[in-house]
$ cat run.cif   # mmCIF, C-alpha atoms
data_final
loop_
_atom_site.group_PDB
_atom_site.id
_atom_site.type_symbol
_atom_site.label_atom_id
_atom_site.label_comp_id
_atom_site.auth_asym_id
_atom_site.auth_seq_id
_atom_site.Cartn_x
_atom_site.Cartn_y
_atom_site.Cartn_z
ATOM 1 C CA MET A 1 -5.380 -6.482 0.420
ATOM 2 C CA ILE A 2 -5.190 -2.839 -0.603
ATOM 3 C CA ASP A 3 -6.835 0.239 0.958
ATOM 4 C CA GLY A 4 -8.149 3.004 -1.296
ATOM 5 C CA HIS A 5 -11.279 3.924 -3.259
ATOM 6 C CA PHE A 6 -12.280 1.090 -5.569
ATOM 7 C CA ASP A 7 -14.877 0.717 -8.292
ATOM 8 C CA TYR A 8 -15.816 -2.971 -8.166
ATOM 9 C CA GLY A 9 -17.407 -2.800 -11.609
ATOM 10 C CA ASN A 10 -20.797 -3.960 -10.332
ATOM 11 C CA GLY A 11 -22.379 -0.652 -9.373
ATOM 12 C CA TYR A 12 -20.633 -0.507 -5.990
ATOM 13 C CA HIS A 13 -17.570 1.198 -4.570
ATOM 14 C CA GLY A 14 -15.576 0.391 -1.442
ATOM 15 C CA ARG A 15 -12.444 1.100 0.589
ATOM 16 C CA VAL A 16 -10.771 -2.326 0.378
ATOM 17 C CA TYR A 17 -9.683 -4.470 -2.560
ATOM 18 C CA LEU A 18 -8.226 -7.934 -2.446
ATOM 19 C CA ASN A 19 -6.103 -8.349 -5.557
ATOM 20 C CA PRO A 20 -6.420 -12.054 -6.416
ATOM 21 C CA HIS A 21 -4.653 -11.464 -9.724
ATOM 22 C CA GLN A 22 -1.404 -11.508 -7.776
ATOM 23 C CA LEU A 23 -2.303 -15.096 -6.860
ATOM 24 C CA PHE A 24 -3.160 -16.037 -10.440
ATOM 25 C CA ARG A 25 0.318 -15.207 -11.745
ATOM 26 C CA HIS A 26 1.429 -18.641 -10.577
ATOM 27 C CA PRO A 27 -0.531 -21.590 -12.042
ATOM 28 C CA SER A 28 0.383 -23.800 -9.088
ATOM 29 C CA THR A 29 -1.357 -21.393 -6.696
ATOM 30 C CA ILE A 30 -4.664 -21.375 -8.582
ATOM 31 C CA TRP A 31 -4.389 -25.154 -8.879
ATOM 32 C CA ARG A 32 -4.045 -25.449 -5.090
ATOM 33 C CA PHE A 33 -6.984 -23.107 -4.452
ATOM 34 C CA ALA A 34 -9.125 -25.107 -6.880
ATOM 35 C CA GLN A 35 -8.231 -28.352 -5.093
ATOM 36 C CA ASP A 36 -9.048 -26.814 -1.719
ATOM 37 C CA LEU A 37 -12.439 -25.585 -2.967
ATOM 38 C CA ILE A 38 -13.262 -29.032 -4.344
ATOM 39 C CA ASP A 39 -12.345 -30.526 -0.961
ATOM 40 C CA LEU A 40 -14.956 -28.245 0.652
ATOM 41 C CA MET A 41 -17.710 -29.053 -1.854
ATOM 42 C CA PRO A 42 -20.402 -31.536 -0.881
ATOM 43 C CA SER A 43 -19.973 -34.763 -2.861
ATOM 44 C CA GLU A 44 -23.309 -34.274 -4.623
ATOM 45 C CA ILE A 45 -21.990 -31.047 -6.192
ATOM 46 C CA VAL A 46 -18.698 -32.697 -7.160
ATOM 47 C CA GLN A 47 -20.623 -35.521 -8.810
ATOM 48 C CA SER A 48 -23.396 -33.489 -10.428
ATOM 49 C CA ALA A 49 -21.590 -30.447 -11.906
ATOM 50 C CA GLU A 50 -21.342 -30.870 -15.661
ATOM 51 C CA VAL A 51 -19.947 -27.432 -16.511
ATOM 52 C CA VAL A 52 -17.856 -25.015 -14.464
ATOM 53 C CA ALA A 53 -18.238 -21.422 -15.618
ATOM 54 C CA GLY A 54 -16.651 -18.165 -14.562
ATOM 55 C CA PRO A 55 -16.333 -14.538 -15.627
ATOM 56 C CA VAL A 56 -13.172 -13.508 -17.456
ATOM 57 C CA THR A 57 -12.936 -10.603 -14.983
ATOM 58 C CA GLY A 58 -11.630 -12.973 -12.303
ATOM 59 C CA GLY A 59 -13.196 -16.407 -12.119
ATOM 60 C CA ALA A 60 -12.451 -17.962 -15.502
ATOM 61 C CA LEU A 61 -8.994 -19.283 -14.567
ATOM 62 C CA LEU A 62 -10.366 -20.760 -11.364
ATOM 63 C CA ALA A 63 -13.374 -22.250 -13.195
ATOM 64 C CA HIS A 64 -11.167 -23.816 -15.859
ATOM 65 C CA THR A 65 -8.891 -25.357 -13.230
ATOM 66 C CA ILE A 66 -11.805 -26.679 -11.163
ATOM 67 C CA ALA A 67 -13.380 -28.231 -14.280
ATOM 68 C CA GLY A 68 -10.190 -30.163 -14.977
ATOM 69 C CA LEU A 69 -9.704 -31.255 -11.381
ATOM 70 C CA LEU A 70 -13.308 -32.402 -10.918
ATOM 71 C CA ASP A 71 -12.696 -35.182 -13.419
ATOM 72 C CA SER A 72 -9.878 -36.544 -11.242
ATOM 73 C CA ARG A 73 -12.410 -36.972 -8.399
ATOM 74 C CA ARG A 74 -14.872 -39.023 -10.448
ATOM 75 C CA SER A 75 -14.949 -42.461 -11.986
ATOM 76 C CA LEU A 76 -13.456 -42.945 -15.445
ATOM 77 C CA THR A 77 -16.922 -43.674 -16.817
ATOM 78 C CA HIS A 78 -18.255 -40.279 -15.669
ATOM 79 C CA PRO A 79 -18.642 -37.836 -18.594
ATOM 80 C CA PRO A 80 -15.895 -35.182 -18.552
ATOM 81 C CA CYS A 81 -16.634 -31.782 -17.041
ATOM 82 C CA SER A 82 -16.748 -28.788 -19.406
ATOM 83 C CA PHE A 83 -15.711 -25.171 -18.952
ATOM 84 C CA ALA A 84 -17.481 -21.989 -20.088
ATOM 85 C CA PRO A 85 -16.209 -18.407 -19.748
ATOM 86 C CA PHE A 86 -18.469 -15.379 -19.429
ATOM 87 C CA ASN A 87 -16.998 -12.599 -21.562
ATOM 88 C CA TYR A 88 -17.206 -9.028 -20.341
ATOM 89 C CA ASP A 89 -17.661 -5.835 -22.306
ATOM 90 C CA PRO A 90 -18.024 -2.632 -20.250
ATOM 91 C CA ALA A 91 -20.647 -1.349 -22.702
ATOM 92 C CA VAL A 92 -22.747 -4.540 -22.602
ATOM 93 C CA GLY A 93 -21.810 -6.407 -19.424
ATOM 94 C CA PHE A 94 -21.396 -10.179 -19.210
ATOM 95 C CA ALA A 95 -22.221 -12.396 -22.165
ATOM 96 C CA LEU A 96 -21.829 -15.975 -23.347
ATOM 97 C CA ARG A 97 -20.678 -16.771 -26.838
ATOM 98 C CA LYS A 98 -23.146 -18.795 -28.891
ATOM 99 C CA PHE A 99 -20.988 -21.928 -28.611
ATOM 100 C CA TYR A 100 -20.991 -21.804 -24.799
ATOM 101 C CA ARG A 101 -24.710 -21.002 -24.605
ATOM 102 C CA ALA A 102 -25.349 -24.234 -26.507
ATOM 103 C CA GLU A 103 -22.991 -26.102 -24.148
ATOM 104 C CA LEU A 104 -25.030 -25.012 -21.103
ATOM 105 C CA ARG A 105 -28.434 -26.133 -22.384
ATOM 106 C CA GLY A 106 -29.813 -28.783 -20.031
ATOM 107 C CA ARG A 107 -26.608 -28.876 -17.965
ATOM 108 C CA ARG A 108 -25.864 -28.457 -14.254
ATOM 109 C CA VAL A 109 -23.458 -25.535 -13.833
ATOM 110 C CA LEU A 110 -21.062 -24.638 -11.026
ATOM 111 C CA LEU A 111 -20.215 -20.902 -11.036
ATOM 112 C CA ALA A 112 -16.713 -19.857 -9.912
ATOM 113 C CA ASP A 113 -15.235 -16.432 -9.228
ATOM 114 C CA ASP A 114 -12.218 -15.076 -7.409
ATOM 115 C CA VAL A 115 -14.009 -12.729 -4.971
ATOM 116 C CA ARG A 116 -17.670 -12.305 -4.026
ATOM 117 C CA ASN A 117 -18.347 -8.675 -3.201
ATOM 118 C CA THR A 118 -22.079 -8.115 -3.559
ATOM 119 C CA GLY A 119 -22.981 -11.329 -5.394
ATOM 120 C CA GLU A 120 -24.116 -9.291 -8.410
ATOM 121 C CA THR A 121 -21.574 -10.916 -10.736
ATOM 122 C CA PHE A 122 -22.823 -14.376 -9.775
ATOM 123 C CA ALA A 123 -26.421 -13.176 -10.258
ATOM 124 C CA ARG A 124 -25.674 -11.830 -13.747
ATOM 125 C CA CYS A 125 -23.845 -15.023 -14.724
ATOM 126 C CA ALA A 126 -26.648 -17.176 -13.277
ATOM 127 C CA ALA A 127 -29.177 -15.261 -15.392
ATOM 128 C CA LEU A 128 -27.108 -16.092 -18.498
ATOM 129 C CA VAL A 129 -26.996 -19.772 -17.479
ATOM 130 C CA LYS A 130 -30.779 -19.786 -17.071
ATOM 131 C CA GLU A 131 -31.285 -18.010 -20.431
ATOM 132 C CA ALA A 132 -29.127 -20.711 -22.024
ATOM 133 C CA GLY A 133 -31.268 -23.455 -20.452
ATOM 134 C CA GLY A 134 -28.826 -24.533 -17.736
ATOM 135 C CA THR A 135 -29.212 -24.806 -13.967
ATOM 136 C CA VAL A 136 -26.791 -23.357 -11.402
ATOM 137 C CA VAL A 137 -26.041 -25.947 -8.686
ATOM 138 C CA ALA A 138 -23.622 -23.893 -6.532
ATOM 139 C CA THR A 139 -21.191 -20.983 -6.446
ATOM 140 C CA VAL A 140 -17.558 -21.058 -5.316
ATOM 141 C CA GLU A 141 -14.981 -18.359 -4.707
ATOM 142 C CA ILE A 142 -11.617 -17.894 -3.042
ATOM 143 C CA TYR A 143 -12.681 -14.943 -0.903
ATOM 144 C CA ASP A 144 -16.107 -13.778 0.275
ATOM 145 C CA ARG A 145 -16.373 -10.205 1.602
ATOM 146 C CA LEU A 146 -19.646 -11.105 3.364
ATOM 147 C CA GLU A 147 -21.400 -8.190 1.665
ATOM 148 C CA ALA A 148 -23.685 -10.179 -0.651
ATOM 149 C CA ILE A 149 -26.949 -8.487 -1.504
ATOM 150 C CA ALA A 150 -27.771 -10.927 -4.305
ATOM 151 C CA GLU A 151 -28.328 -14.527 -3.234
ATOM 152 C CA LEU A 152 -28.962 -17.322 -5.731
ATOM 153 C CA GLY A 153 -30.557 -19.847 -3.391
ATOM 154 C CA VAL A 154 -27.804 -22.411 -4.031
ATOM 155 C CA PRO A 155 -24.857 -23.432 -1.839
ATOM 156 C CA ASN A 156 -21.951 -20.981 -1.772
ATOM 157 C CA ILE A 157 -18.511 -22.399 -0.980
ATOM 158 C CA THR A 158 -15.574 -20.153 -0.096
ATOM 159 C CA LEU A 159 -12.008 -20.655 1.093
ATOM 160 C CA ALA A 160 -11.920 -17.494 3.196
ATOM 161 C CA ASP A 161 -14.411 -14.955 4.353
ATOM 162 C CA TYR A 162 -13.712 -11.592 5.860
ATOM 163 C CA LYS A 163 -16.148 -8.847 6.740
ATOM 164 C CA ALA A 164 -14.494 -6.017 4.854
ATOM 165 C CA PRO A 165 -15.533 -2.393 5.240
ATOM 166 C CA GLU A 166 -18.916 -1.570 3.751
ATOM 167 C CA ASN A 167 -19.620 -1.362 0.015
ATOM 168 C CA TYR A 168 -21.513 1.673 -1.272
ATOM 169 C CA PRO A 169 -23.844 2.051 -4.249
ATOM 170 C CA VAL A 170 -22.058 4.397 -6.676
ATOM 171 C CA SER A 171 -24.801 7.015 -6.193
ATOM 172 C CA ALA A 172 -24.240 7.055 -2.404
ATOM 173 C CA CYS A 173 -20.457 6.571 -2.223
ATOM 174 C CA PRO A 174 -19.016 8.871 0.472
ATOM 175 C CA LEU A 175 -15.563 8.567 -1.116
ATOM 176 C CA CYS A 176 -16.892 9.972 -4.410
ATOM 177 C CA LYS A 177 -18.712 12.732 -2.541
ATOM 178 C CA ALA A 178 -15.461 13.615 -0.735
ATOM 179 C CA GLY A 179 -13.631 13.805 -4.090
ATOM 180 C CA VAL A 180 -11.349 10.830 -3.381
ATOM 181 C CA PRO A 181 -10.106 9.575 -6.763
ATOM 182 C CA ILE A 182 -10.640 5.945 -7.795
ATOM 183 C CA THR A 183 -7.518 3.921 -6.996
ATOM 184 C CA ARG A 184 -5.758 2.650 -10.128
ATOM 185 C CA PHE A 185 -3.033 0.029 -10.372
#
$ encode --input "run.cif" --output "structure tokens"
Amino acid sequence: MIDGHFDYGNGYHGRVYLNPHQLFRHPSTIWRFAQDLIDLMPSEIVQSAEVVAGPVTGGALLAHTIAGLLDSRRSLTHPPCSFAPFNYDPAVGFALRKFYRAELRGRRVLLADDVRNTGETFARCAALVKEAGGTVVATVEIYDRLEAIAELGVPNITLADYKAPENYPVSACPLCKAGVPITRF
């Protein structure tokens, strides 16, 4: 966890950043987190999720790992779980490639991300799932900052939650107003 002035990329700034990318450097770590999240999921989600999707900005590795591990928790006759990444372009935002949009049509989707700050990333990804004709059944993340302003109305499963210092809309960020530069690493 790092203190500073952070642009979370979702229209909000804050003083604290958990850098999960340090965790993702080691495949065995993400594998363990994925297993732990599956252990916390209600069995109906484990059994019903057909696709696990996540944004390339943090959740795609976790989503891919969960998709593979879900199959080990189901019978051999159960159809295999798929994976779909949400691409990100700063000029456009999140998007699904045509191939993945087709994969989501009529499917039950589990959304995964590394950290839930405001819930806006999940909301944007859920909108893309809905546009593609899929249904979000739950969201999962490693760390929840307990600052969600966007709720999807589906179960949210997290490994750890911590009430971090407040997030600020960019237009009302006291750190920006004080001239504190955005922390880069």
$ closest_atom_pairs --input "run.cif" --of "stretch 90-164 of chain A" --to "stretch 3-9 of chain A" --cutoff "10 Å" --atoms "only C-alpha atoms" --output "JSON lines"
{"residue": "A:Pro90", "atom": "CA", "partner": "A:Gly9", "partner_atom": "CA", "distance": 8.7}
{"residue": "A:Gly93", "atom": "CA", "partner": "A:Gly9", "partner_atom": "CA", "distance": 9.7}
{"residue": "A:Asn117", "atom": "CA", "partner": "A:Tyr8", "partner_atom": "CA", "distance": 8.0}
{"residue": "A:Thr118", "atom": "CA", "partner": "A:Tyr8", "partner_atom": "CA", "distance": 9.3}
{"residue": "A:Glu120", "atom": "CA", "partner": "A:Gly9", "partner_atom": "CA", "distance": 9.9}
{"residue": "A:Thr121", "atom": "CA", "partner": "A:Gly9", "partner_atom": "CA", "distance": 9.2}
$ atom_distance --input "run.cif" --atom1 "atom CA of A:Glu166" --atom2 "atom CA of A:Ala178"
16.2 Å
$ closest_residue --input "run.cif" --among "A:Gly68, A:Gly59, A:Gly54, A:Pro79" --to "A:Val129" --atoms "only C-alpha atoms"
A:Gly54
$ closest_residue --input "run.cif" --among "A:Leu23, A:Leu69, A:Leu96, A:Leu159" --to "A:Lys130" --atoms "only C-alpha atoms"
A:Leu96
$ closest_residue --input "run.cif" --among "A:Ile30, A:Leu175, A:Leu146, A:Ala49" --to "A:Leu111" --atoms "only C-alpha atoms"
A:Ala49
$ closest_residue --input "run.cif" --among "A:Val154, A:Cys125, A:Leu18, A:Ala53" --to "A:Ala84" --atoms "only C-alpha atoms"
A:Ala53
$ closest_residue --input "run.cif" --among "A:Tyr162, A:Trp31, A:Phe83, A:Tyr168" --to "A:Glu103" --atoms "all atoms listed in the file"
A:Phe83
$ atom_distance --input "run.cif" --atom1 "atom CA of A:Phe86" --atom2 "atom CA of A:Tyr100"
8.7 Å
$ residues_around --input "run.cif" --residues "A:Gln22" --least-positions-apart "4" --cutoff "12 Å" --atoms "all atoms listed in the file" --output "list in words"
Met1, Ile2, Leu18, His26, Pro27, Thr29, Ile30, Gly58, Asp114 and Phe185 of chain A
$ residues_around --input "run.cif" --residues "A:Lys163" --least-positions-apart "5" --cutoff "9 Å" --atoms "all atoms listed in the file" --output "ChimeraX atom specification"
/A:144-147
$ atom_distance --input "run.cif" --atom1 "atom CA of A:Arg107" --atom2 "atom CA of A:Thr139"
15.0 Å
$ resolve_selection --input "run.cif" --expression "the PyMOL selection byres ((chain A and resi 157) around 9)" --output "list in words"
Leu37, Leu40, Met41, Ala138, Thr139, Val140, Glu141, Ile142, Pro155, Asn156, Thr158 and Leu159 of chain A
$ residues_around --input "run.cif" --residues "A:Phe94" --least-positions-apart "4" --cutoff "8 Å" --atoms "all atoms listed in the file" --output "PyMOL selection string"
chain A and resi 55+86-89+124-125
$ closest_residue --input "run.cif" --among "A:Ser72, A:Thr77, A:Asn10, A:Ser48" --to "A:Val136" --atoms "all atoms listed in the file"
A:Ser48
$ decode --input "run.cif" --residues "stretch 66-85 of chain A" --atoms "C-alpha atoms" --output "PDB file, in the first residue's frame"
ATOM      1  CA  ILE A  66     -10.455 -18.165 -12.003  1.00  0.00           C
ATOM      2  CA  ALA A  67     -11.959 -19.395 -15.295  1.00  0.00           C
ATOM      3  CA  GLY A  68      -9.430 -22.220 -15.439  1.00  0.00           C
ATOM      4  CA  LEU A  69      -9.816 -23.159 -11.788  1.00  0.00           C
ATOM      5  CA  LEU A  70     -13.626 -23.166 -11.873  1.00  0.00           C
ATOM      6  CA  ASP A  71     -13.523 -26.166 -14.185  1.00  0.00           C
ATOM      7  CA  SER A  72     -11.586 -28.143 -11.562  1.00  0.00           C
ATOM      8  CA  ARG A  73     -14.511 -27.616  -9.145  1.00  0.00           C
ATOM      9  CA  ARG A  74     -17.154 -28.989 -11.509  1.00  0.00           C
ATOM     10  CA  SER A  75     -18.037 -32.350 -12.964  1.00  0.00           C
ATOM     11  CA  LEU A  76     -16.278 -33.485 -16.135  1.00  0.00           C
ATOM     12  CA  THR A  77     -19.568 -33.257 -18.018  1.00  0.00           C
ATOM     13  CA  HIS A  78     -19.972 -29.551 -17.169  1.00  0.00           C
ATOM     14  CA  PRO A  79     -19.184 -27.306 -20.171  1.00  0.00           C
ATOM     15  CA  PRO A  80     -15.803 -25.576 -19.756  1.00  0.00           C
ATOM     16  CA  CYS A  81     -15.696 -22.015 -18.454  1.00  0.00           C
ATOM     17  CA  SER A  82     -14.567 -19.287 -20.873  1.00  0.00           C
ATOM     18  CA  PHE A  83     -12.569 -16.110 -20.341  1.00  0.00           C
ATOM     19  CA  ALA A  84     -13.121 -12.634 -21.811  1.00  0.00           C
ATOM     20  CA  PRO A  85     -10.895  -9.568 -21.354  1.00  0.00           C
TER      21      PRO A  85
END
